[in-house]
Structure formats: structure tokens, C-alpha cells
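*Asks:* One file: data27.cif (mmCIF, C-alpha atoms and all ligand atoms; chains and numbers go by the auth columns).
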data_my_file
#
loop_
_atom_site.group_PDB
_atom_site.id
_atom_site.type_symbol
_atom_site.label_atom_id
_atom_site.label_comp_id
_atom_site.label_asym_id
_atom_site.label_seq_id
_atom_site.Cartn_x
_atom_site.Cartn_y
_atom_site.Cartn_z
_atom_site.B_iso_or_equiv
_atom_site.auth_seq_id
_atom_site.auth_asym_id
ATOM 1 C CA MET A 1 71.583 -15.522 141.883 0.00 1 A
ATOM 2 C CA ASP A 2 67.870 -15.641 142.543 0.00 2 A
ATOM 3 C CA TYR A 3 65.431 -15.718 145.458 0.00 3 A
ATOM 4 C CA ASP A 4 66.021 -19.425 146.078 0.00 4 A
ATOM 5 C CA GLN A 5 69.581 -18.432 147.027 0.00 5 A
ATOM 6 C CA GLY A 6 68.259 -15.585 149.150 0.00 6 A
ATOM 7 C CA VAL A 7 68.630 -12.645 146.775 0.00 7 A
ATOM 8 C CA ARG A 8 67.813 -11.732 143.177 0.00 8 A
ATOM 9 C CA VAL A 9 70.753 -10.218 141.305 0.00 9 A
ATOM 10 C CA LEU A 10 70.230 -8.690 137.881 0.00 10 A
ATOM 11 C CA LYS A 11 72.534 -7.822 135.019 0.00 11 A
ATOM 12 C CA TYR A 12 71.529 -5.186 132.482 0.00 12 A
ATOM 13 C CA HIS A 13 72.539 -5.116 128.843 0.00 13 A
ATOM 14 C CA MET A 14 70.868 -2.266 126.978 0.00 14 A
ATOM 15 C CA HIS A 15 71.205 0.590 124.555 0.00 15 A
ATOM 16 C CA ALA A 16 72.364 3.732 126.332 0.00 16 A
ATOM 17 C CA GLY A 17 70.240 6.050 124.209 0.00 17 A
ATOM 18 C CA ILE A 18 66.840 4.578 125.000 0.00 18 A
ATOM 19 C CA GLY A 19 63.782 6.009 126.728 0.00 19 A
ATOM 20 C CA THR A 20 64.369 9.339 128.462 0.00 20 A
ATOM 21 C CA HIS A 21 68.091 9.840 127.962 0.00 21 A
ATOM 22 C CA MET A 22 70.877 12.393 127.846 0.00 22 A
ATOM 23 C CA ASP A 23 73.277 12.982 124.949 0.00 23 A
ATOM 24 C CA ALA A 24 76.777 14.064 126.015 0.00 24 A
ATOM 25 C CA PRO A 25 79.037 16.066 123.671 0.00 25 A
ATOM 26 C CA SER A 26 81.022 12.883 122.982 0.00 26 A
ATOM 27 C CA HIS A 27 77.924 11.424 121.282 0.00 27 A
ATOM 28 C CA PHE A 28 78.876 13.496 118.217 0.00 28 A
ATOM 29 C CA PHE A 29 82.404 14.661 119.002 0.00 29 A
ATOM 30 C CA LYS A 30 85.241 12.308 119.872 0.00 30 A
ATOM 31 C CA GLU A 31 87.026 14.870 122.086 0.00 31 A
ATOM 32 C CA GLY A 32 83.782 16.074 123.695 0.00 32 A
ATOM 33 C CA ARG A 33 82.818 15.708 127.346 0.00 33 A
ATOM 34 C CA ASN A 34 81.377 12.373 128.375 0.00 34 A
ATOM 35 C CA ILE A 35 78.342 11.857 130.606 0.00 35 A
ATOM 36 C CA ALA A 36 80.553 11.581 133.717 0.00 36 A
ATOM 37 C CA ASP A 37 82.340 14.861 132.878 0.00 37 A
ATOM 38 C CA ILE A 38 79.221 17.055 133.084 0.00 38 A
ATOM 39 C CA PRO A 39 79.280 18.823 136.471 0.00 39 A
ATOM 40 C CA LEU A 40 76.256 18.700 138.776 0.00 40 A
ATOM 41 C CA GLU A 41 75.932 22.495 138.600 0.00 41 A
ATOM 42 C CA GLU A 42 74.795 22.146 134.990 0.00 42 A
ATOM 43 C CA LEU A 43 72.348 19.374 135.839 0.00 43 A
ATOM 44 C CA ALA A 44 70.444 21.052 138.682 0.00 44 A
ATOM 45 C CA CYS A 45 69.190 24.339 137.316 0.00 45 A
ATOM 46 C CA PRO A 46 66.205 26.537 136.455 0.00 46 A
ATOM 47 C CA LEU A 47 63.631 24.916 134.179 0.00 47 A
ATOM 48 C CA ARG A 48 61.820 26.632 131.328 0.00 48 A
ATOM 49 C CA ILE A 49 59.190 24.856 129.265 0.00 49 A
ATOM 50 C CA ILE A 50 58.214 26.110 125.818 0.00 50 A
ATOM 51 C CA ASP A 51 54.663 24.883 125.281 0.00 51 A
ATOM 52 C CA VAL A 52 53.867 24.440 121.587 0.00 52 A
ATOM 53 C CA SER A 53 51.630 21.428 122.141 0.00 53 A
ATOM 54 C CA LYS A 54 48.592 23.100 120.592 0.00 54 A
ATOM 55 C CA ALA A 55 50.397 24.026 117.370 0.00 55 A
ATOM 56 C CA ALA A 56 52.862 21.151 116.954 0.00 56 A
ATOM 57 C CA HIS A 57 52.685 18.676 114.071 0.00 57 A
ATOM 58 C CA PRO A 58 55.217 16.194 112.640 0.00 58 A
ATOM 59 C CA GLU A 59 57.062 18.875 110.630 0.00 59 A
ATOM 60 C CA TYR A 60 56.927 21.498 113.402 0.00 60 A
ATOM 61 C CA PHE A 61 60.063 23.293 114.492 0.00 61 A
ATOM 62 C CA ILE A 62 59.940 25.386 117.673 0.00 62 A
ATOM 63 C CA SER A 63 60.757 28.861 116.352 0.00 63 A
ATOM 64 C CA VAL A 64 62.439 32.034 117.540 0.00 64 A
ATOM 65 C CA GLU A 65 58.924 33.494 117.631 0.00 65 A
ATOM 66 C CA ASP A 66 57.829 30.727 120.050 0.00 66 A
ATOM 67 C CA LEU A 67 60.787 31.544 122.319 0.00 67 A
ATOM 68 C CA LYS A 68 60.070 35.289 122.161 0.00 68 A
ATOM 69 C CA GLN A 69 56.414 34.695 123.021 0.00 69 A
ATOM 70 C CA HIS A 70 57.510 32.645 126.037 0.00 70 A
ATOM 71 C CA GLU A 71 59.950 35.380 127.096 0.00 71 A
ATOM 72 C CA ASN A 72 57.325 38.109 126.665 0.00 72 A
ATOM 73 C CA ILE A 73 55.183 36.355 129.257 0.00 73 A
ATOM 74 C CA TYR A 74 57.746 34.770 131.598 0.00 74 A
ATOM 75 C CA GLY A 75 60.831 36.952 131.164 0.00 75 A
ATOM 76 C CA LYS A 76 64.188 36.324 129.606 0.00 76 A
ATOM 77 C CA ILE A 77 65.380 32.713 129.681 0.00 77 A
ATOM 78 C CA PRO A 78 68.052 32.695 132.400 0.00 78 A
ATOM 79 C CA LYS A 79 71.641 31.710 131.844 0.00 79 A
ATOM 80 C CA GLY A 80 72.230 28.104 132.899 0.00 80 A
ATOM 81 C CA ALA A 81 68.602 26.984 132.458 0.00 81 A
ATOM 82 C CA LEU A 82 67.410 23.721 130.957 0.00 82 A
ATOM 83 C CA VAL A 83 64.926 24.647 128.225 0.00 83 A
ATOM 84 C CA CYS A 84 62.452 21.945 127.238 0.00 84 A
ATOM 85 C CA GLY A 85 60.174 21.877 124.233 0.00 85 A
ATOM 86 C CA HIS A 86 56.721 20.575 125.130 0.00 86 A
ATOM 87 C CA THR A 87 55.245 19.383 121.843 0.00 87 A
ATOM 88 C CA GLY A 88 52.721 16.910 123.216 0.00 88 A
ATOM 89 C CA TRP A 89 54.448 14.110 121.320 0.00 89 A
ATOM 90 C CA ALA A 90 54.903 12.058 124.512 0.00 90 A
ATOM 91 C CA SER A 91 51.227 11.067 124.301 0.00 91 A
ATOM 92 C CA ARG A 92 52.254 8.757 121.424 0.00 92 A
ATOM 93 C CA TRP A 93 54.857 6.933 123.535 0.00 93 A
ATOM 94 C CA SER A 94 52.835 3.751 124.072 0.00 94 A
ATOM 95 C CA ASP A 95 52.475 3.357 120.279 0.00 95 A
ATOM 96 C CA PRO A 96 56.085 3.072 119.012 0.00 96 A
ATOM 97 C CA LYS A 97 55.115 3.230 115.332 0.00 97 A
ATOM 98 C CA SER A 98 53.252 6.484 115.864 0.00 98 A
ATOM 99 C CA TYR A 99 55.986 7.844 118.173 0.00 99 A
ATOM 100 C CA ARG A 100 58.737 7.170 115.601 0.00 100 A
ATOM 101 C CA ASN A 101 56.382 8.196 112.779 0.00 101 A
ATOM 102 C CA GLU A 102 59.060 7.354 110.171 0.00 102 A
ATOM 103 C CA MET A 103 61.290 9.918 111.931 0.00 103 A
ATOM 104 C CA ARG A 104 58.869 12.808 111.384 0.00 104 A
ATOM 105 C CA PHE A 105 58.222 14.584 114.694 0.00 105 A
ATOM 106 C CA PRO A 106 58.618 18.095 116.142 0.00 106 A
ATOM 107 C CA GLY A 107 61.971 19.626 117.060 0.00 107 A
ATOM 108 C CA PHE A 108 63.705 22.992 117.483 0.00 108 A
ATOM 109 C CA SER A 109 64.603 25.153 114.481 0.00 109 A
ATOM 110 C CA LYS A 110 68.295 25.896 114.162 0.00 110 A
ATOM 111 C CA GLU A 111 67.537 29.609 114.606 0.00 111 A
ATOM 112 C CA ALA A 112 65.730 28.884 117.887 0.00 112 A
ATOM 113 C CA ALA A 113 68.649 26.703 119.003 0.00 113 A
ATOM 114 C CA ARG A 114 70.999 29.575 118.157 0.00 114 A
ATOM 115 C CA LEU A 115 68.964 31.964 120.342 0.00 115 A
ATOM 116 C CA LEU A 116 69.042 29.485 123.244 0.00 116 A
ATOM 117 C CA PHE A 117 72.782 29.167 122.727 0.00 117 A
ATOM 118 C CA GLU A 118 73.080 32.970 122.973 0.00 118 A
ATOM 119 C CA ARG A 119 71.068 32.827 126.212 0.00 119 A
ATOM 120 C CA GLN A 120 73.829 30.500 127.512 0.00 120 A
ATOM 121 C CA VAL A 121 71.409 27.793 128.587 0.00 121 A
ATOM 122 C CA ALA A 122 72.798 24.597 130.144 0.00 122 A
ATOM 123 C CA GLY A 123 71.001 22.295 127.762 0.00 123 A
ATOM 124 C CA ILE A 124 67.934 21.570 125.676 0.00 124 A
ATOM 125 C CA GLY A 125 65.298 18.906 126.267 0.00 125 A
ATOM 126 C CA ILE A 126 62.332 17.711 124.230 0.00 126 A
ATOM 127 C CA ASP A 127 59.507 15.165 124.377 0.00 127 A
ATOM 128 C CA THR A 128 60.445 13.601 121.021 0.00 128 A
ATOM 129 C CA LEU A 129 63.292 11.398 119.782 0.00 129 A
ATOM 130 C CA SER A 130 65.454 14.384 118.856 0.00 130 A
ATOM 131 C CA PRO A 131 65.637 18.173 119.279 0.00 131 A
ATOM 132 C CA ASP A 132 66.426 18.248 115.552 0.00 132 A
ATOM 133 C CA GLY A 133 62.918 16.957 114.851 0.00 133 A
ATOM 134 C CA SER A 134 62.459 15.755 111.304 0.00 134 A
ATOM 135 C CA ASP A 135 65.864 17.127 110.256 0.00 135 A
ATOM 136 C CA THR A 136 67.627 13.755 110.329 0.00 136 A
ATOM 137 C CA GLN A 137 70.236 14.773 107.718 0.00 137 A
ATOM 138 C CA ASP A 138 72.253 17.635 109.203 0.00 138 A
ATOM 139 C CA PHE A 139 71.459 17.568 112.955 0.00 139 A
ATOM 140 C CA PRO A 140 72.116 21.318 113.370 0.00 140 A
ATOM 141 C CA VAL A 141 70.821 21.416 116.972 0.00 141 A
ATOM 142 C CA HIS A 142 72.891 18.410 118.030 0.00 142 A
ATOM 143 C CA LYS A 143 75.992 19.838 116.368 0.00 143 A
ATOM 144 C CA LEU A 144 75.564 23.312 117.865 0.00 144 A
ATOM 145 C CA PHE A 145 74.913 22.160 121.421 0.00 145 A
ATOM 146 C CA LEU A 146 77.111 19.090 121.638 0.00 146 A
ATOM 147 C CA GLY A 147 79.835 20.960 119.737 0.00 147 A
ATOM 148 C CA ALA A 148 79.748 23.644 122.441 0.00 148 A
ATOM 149 C CA GLY A 149 80.043 21.069 125.239 0.00 149 A
ATOM 150 C CA LYS A 150 76.387 21.238 126.266 0.00 150 A
ATOM 151 C CA TYR A 151 73.973 18.356 126.795 0.00 151 A
ATOM 152 C CA LEU A 152 70.639 17.330 125.263 0.00 152 A
ATOM 153 C CA ILE A 153 67.770 15.333 126.774 0.00 153 A
ATOM 154 C CA GLU A 154 65.393 13.359 124.573 0.00 154 A
ATOM 155 C CA ASN A 155 62.107 11.505 125.059 0.00 155 A
ATOM 156 C CA LEU A 156 61.028 13.584 128.047 0.00 156 A
ATOM 157 C CA THR A 157 57.541 13.074 129.421 0.00 157 A
ATOM 158 C CA ASN A 158 54.983 14.785 131.671 0.00 158 A
ATOM 159 C CA LEU A 159 56.118 18.259 130.589 0.00 159 A
ATOM 160 C CA ASP A 160 52.498 19.369 130.967 0.00 160 A
ATOM 161 C CA ARG A 161 52.824 18.801 134.718 0.00 161 A
ATOM 162 C CA ALA A 162 55.496 21.469 135.265 0.00 162 A
ATOM 163 C CA PRO A 163 54.965 25.229 134.886 0.00 163 A
ATOM 164 C CA PRO A 164 56.529 27.109 131.927 0.00 164 A
ATOM 165 C CA SER A 165 58.668 29.067 134.384 0.00 165 A
ATOM 166 C CA GLY A 166 59.493 29.048 138.086 0.00 166 A
ATOM 167 C CA ALA A 167 60.417 25.382 138.601 0.00 167 A
ATOM 168 C CA SER A 168 63.875 23.900 139.018 0.00 168 A
ATOM 169 C CA VAL A 169 65.009 20.676 137.456 0.00 169 A
ATOM 170 C CA ILE A 170 67.319 17.888 138.538 0.00 170 A
ATOM 171 C CA ALA A 171 68.635 15.727 135.714 0.00 171 A
ATOM 172 C CA PHE A 172 71.346 13.570 137.257 0.00 172 A
ATOM 173 C CA PRO A 173 72.544 10.734 135.051 0.00 173 A
ATOM 174 C CA PRO A 174 74.498 7.825 136.487 0.00 174 A
ATOM 175 C CA LYS A 175 78.160 8.813 136.344 0.00 175 A
ATOM 176 C CA LEU A 176 78.918 6.731 133.290 0.00 176 A
ATOM 177 C CA LYS A 177 82.619 6.878 132.460 0.00 177 A
ATOM 178 C CA SER A 178 83.166 7.331 128.715 0.00 178 A
ATOM 179 C CA GLY A 179 79.374 7.509 128.330 0.00 179 A
ATOM 180 C CA THR A 180 78.120 9.164 125.168 0.00 180 A
ATOM 181 C CA GLU A 181 74.464 8.725 126.137 0.00 181 A
ATOM 182 C CA VAL A 182 72.644 7.364 129.183 0.00 182 A
ATOM 183 C CA THR A 183 69.127 6.922 130.504 0.00 183 A
ATOM 184 C CA LEU A 184 68.147 9.145 133.420 0.00 184 A
ATOM 185 C CA ARG A 185 65.276 10.426 135.555 0.00 185 A
ATOM 186 C CA VAL A 186 64.493 14.098 135.084 0.00 186 A
ATOM 187 C CA VAL A 187 62.659 15.658 138.010 0.00 187 A
ATOM 188 C CA ALA A 188 61.014 19.075 138.189 0.00 188 A
ATOM 189 C CA ILE A 189 60.942 20.680 141.635 0.00 189 A
ATOM 190 C CA ILE A 190 57.816 22.811 141.675 0.00 190 A
HETATM 191 ZN ZN ZN B . 70.296 12.864 120.417 0.00 201 B
#
Would you encode the structure as C-alpha cells?
*Replies:*
Amino acid sequence: MDYDQGVRVLKYHMHAGIGTHMDAPSHFFKEGRNIADIPLEELACPLRIIDVSKAAHPEYFISVEDLKQHENIYGKIPKGALVCGHTGWASRWSDPKSYRNEMRFPGFSKEAARLLFERQVAGIGIDTLSPDGSDTQDFPVHKLFLGAGKYLIENLTNLDRAPPSGASVIAFPPKLKSGTEVTLRVVAII
């Protein structure tokens, strides 16, 4: 229907893993939780932002040292937090070729992901296509987090507008049954 019939009705047909989106465990693991299975308690939580935007380059991996530096200033990353890597990559968004950069962009090192896992965070987010960065062979961060039933958020933006610590975040996806990925709005409450 359209306006000449009184109302415009739309139908969407799109990739689920596009723009700012969440990966559910079932993205990598058949028996893993789907988007609709992730409880709200894990999606409204403390926010920590690891700012490496001054140092990041296409082969950069956010390191254990970066996390320790953040913790030295802001305190231990709390259990249940969403931890986002701010690499500055989002500034390339309007230029897809530069954003994709032949799949070379910053991510988290597997050692850093392991430390966040030990901190029992709710999930990891990043302002690039993948928290595994340029490691497009083994996906250690995806496997660790999704394998443990946690979620990932990719292609975040405006991370420079939230403080490194002290904000909360709401990342509610539509309750997509059997969803392995889905687009969502991620909102920092400052
Ligand atoms: Zn992913």
C-alpha cells in the first residue's frame, strides 16, 4: 500500500549482519543462543570504552597492556559490562572501500579477549567490521565469546561521545527468533 491508499506500508529484505549489528552465539555455533535468547539483563549494563584511536592502524590489535592501562585509570572492568574498542575506524564509514580496507582493520588480540573473558564481561563491541580485526582466518575472539554464549557488536559509531567509564549502555536488538545476527541501536546513557 502507499499514500494514495492512505498509508505507506514497507517490506524489508536485508542482510542481518549489516551496519551496527549484534552477533549471537548461533552465528558460529549451531547449538548456541540466538538473538532472541539473550536476556535483557545482559543487554543493559555498564559501558567501558577502550580508547586506542590515537595508536590504531589497520594491523592494530587492542592488547592486554591497553586494557591494563584503562583499568589503572578507571578501575577494574566490572563483571557484566559491555567493553567497546574505540579505534577511530568509524570515521571511514562513509567510504566503504576505505572502511573494508581489504579486510585490514583494528581488532582485539586474543590475549586481550581472554582477559575480558576472565573479567566476565557481557560482550565486546568495536567500531570496525570485526573484533578479530585483520585475523580473518581463525576468528579467535568470535570463537571465544560466541563459544561461551556471549554476544559481539560490530560497526559501532560515536564511541568518542561516551566516557571511557561511568556510562551505561542499552543494546536491545529486535527479538529475532532464530536470529544469528541483527541490526540494532546501541545507546549510551551518560
Ligand atoms: Zn561478527
*Asks:* Check which residues fall inside 10 Å of ligand ZN 201 (chain B) when counting only C-alpha atoms and all ligand atoms, and print them as an MDAnalysis selection string.
*Replies:* chainID A and resid 17 21:25 27:28 125 128:132 139 141:143 146 151:155 180:181
*Asks:* Store the residues picked out above, limited to C-alpha atoms, as a PDB file, in the coordinates of the input.
*Replies:*
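So part.pdb came out as:
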ATOM      1  CA  GLY A  17      70.240   6.050 124.209  1.00  0.00           C
ATOM      2  CA  HIS A  21      68.091   9.840 127.962  1.00  0.00           C
ATOM      3  CA  MET A  22      70.877  12.393 127.846  1.00  0.00           C
ATOM      4  CA  ASP A  23      73.277  12.982 124.949  1.00  0.00           C
ATOM      5  CA  ALA A  24      76.777  14.064 126.015  1.00  0.00           C
ATOM      6  CA  PRO A  25      79.037  16.066 123.671  1.00  0.00           C
ATOM      7  CA  HIS A  27      77.924  11.424 121.282  1.00  0.00           C
ATOM      8  CA  PHE A  28      78.876  13.496 118.217  1.00  0.00           C
ATOM      9  CA  GLY A 125      65.298  18.906 126.267  1.00  0.00           C
ATOM     10  CA  THR A 128      60.445  13.601 121.021  1.00  0.00           C
ATOM     11  CA  LEU A 129      63.292  11.398 119.782  1.00  0.00           C
ATOM     12  CA  SER A 130      65.454  14.384 118.856  1.00  0.00           C
ATOM     13  CA  PRO A 131      65.637  18.173 119.279  1.00  0.00           C
ATOM     14  CA  ASP A 132      66.426  18.248 115.552  1.00  0.00           C
ATOM     15  CA  PHE A 139      71.459  17.568 112.955  1.00  0.00           C
ATOM     16  CA  VAL A 141      70.821  21.416 116.972  1.00  0.00           C
ATOM     17  CA  HIS A 142      72.891  18.410 118.030  1.00  0.00           C
ATOM     18  CA  LYS A 143      75.992  19.838 116.368  1.00  0.00           C
ATOM     19  CA  LEU A 146      77.111  19.090 121.638  1.00  0.00           C
ATOM     20  CA  TYR A 151      73.973  18.356 126.795  1.00  0.00           C
ATOM     21  CA  LEU A 152      70.639  17.330 125.263  1.00  0.00           C
ATOM     22  CA  ILE A 153      67.770  15.333 126.774  1.00  0.00           C
ATOM     23  CA  GLU A 154      65.393  13.359 124.573  1.00  0.00           C
ATOM     24  CA  ASN A 155      62.107  11.505 125.059  1.00  0.00           C
ATOM     25  CA  THR A 180      78.120   9.164 125.168  1.00  0.00           C
ATOM     26  CA  GLU A 181      74.464   8.725 126.137  1.00  0.00           C
TER      27      GLU A 181
END
*Asks:* Can you translate the PyMOL selection byres (((chain A and resi 103) around 9) and not hetatm) into the concrete residues it hits in this file, as a PyMOL selection string?
*Replies:* chain A and resi 58+99-102+104-105+129+133-136
*Asks:* Using atom CA of Leu82 of chain A and atom CA of Glu31 of chain A as the two end points, give the distance in Å to one decimal.
*Replies:* 23.3 Å
*Asks:* Which residues are near Ala112 of chain A? Cut-off 12 Å, all atoms listed in the file, ignore same chain within fewer than 2 positions. Put them as a PyMOL selection string.
*Replies:* chain A and resi 50+61-68+83+85+107-110+114-119+124+131-132+140-141+144-145
*Asks:* If the box runs along x, y and z of the file and leaves 5 Å on each side of segment 8-25 of chain A, what are its centre and edge lengths in Å, one decimal, as JSON?
*Replies:*
{"center_x": 71.4, "center_y": 2.2, "center_z": 133.4, "size_x": 25.3, "size_y": 37.8, "size_z": 29.5}
*Asks:* Can you measure atom CA of Asn158 of chain A to atom CA of Met14 of chain A for me? One decimal in Å is fine.
*Replies:*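 These two atoms are separated by 23.8 Å.
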*Asks:* Could you check how far atom CA of Ala148 of chain A sits from atom CA of Val182 of chain A, in Å to one decimal?
*Replies:*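 Computing it gives 19.0 Å between the two atoms.
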*Asks:* Check what the PyMOL selection byres (((chain A and resi 38) around 10) and not hetatm) selects in the file above and give those residues as a list in words.
*Replies:*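 Written out, the selection comes to Ala24, Pro25, Arg33, Asn34, Ile35, Ala36, Asp37, Pro39, Leu40, Glu41, Glu42, Leu43, Gly149, Lys150, Tyr151, Phe172, Pro173 and Lys175 of chain A.
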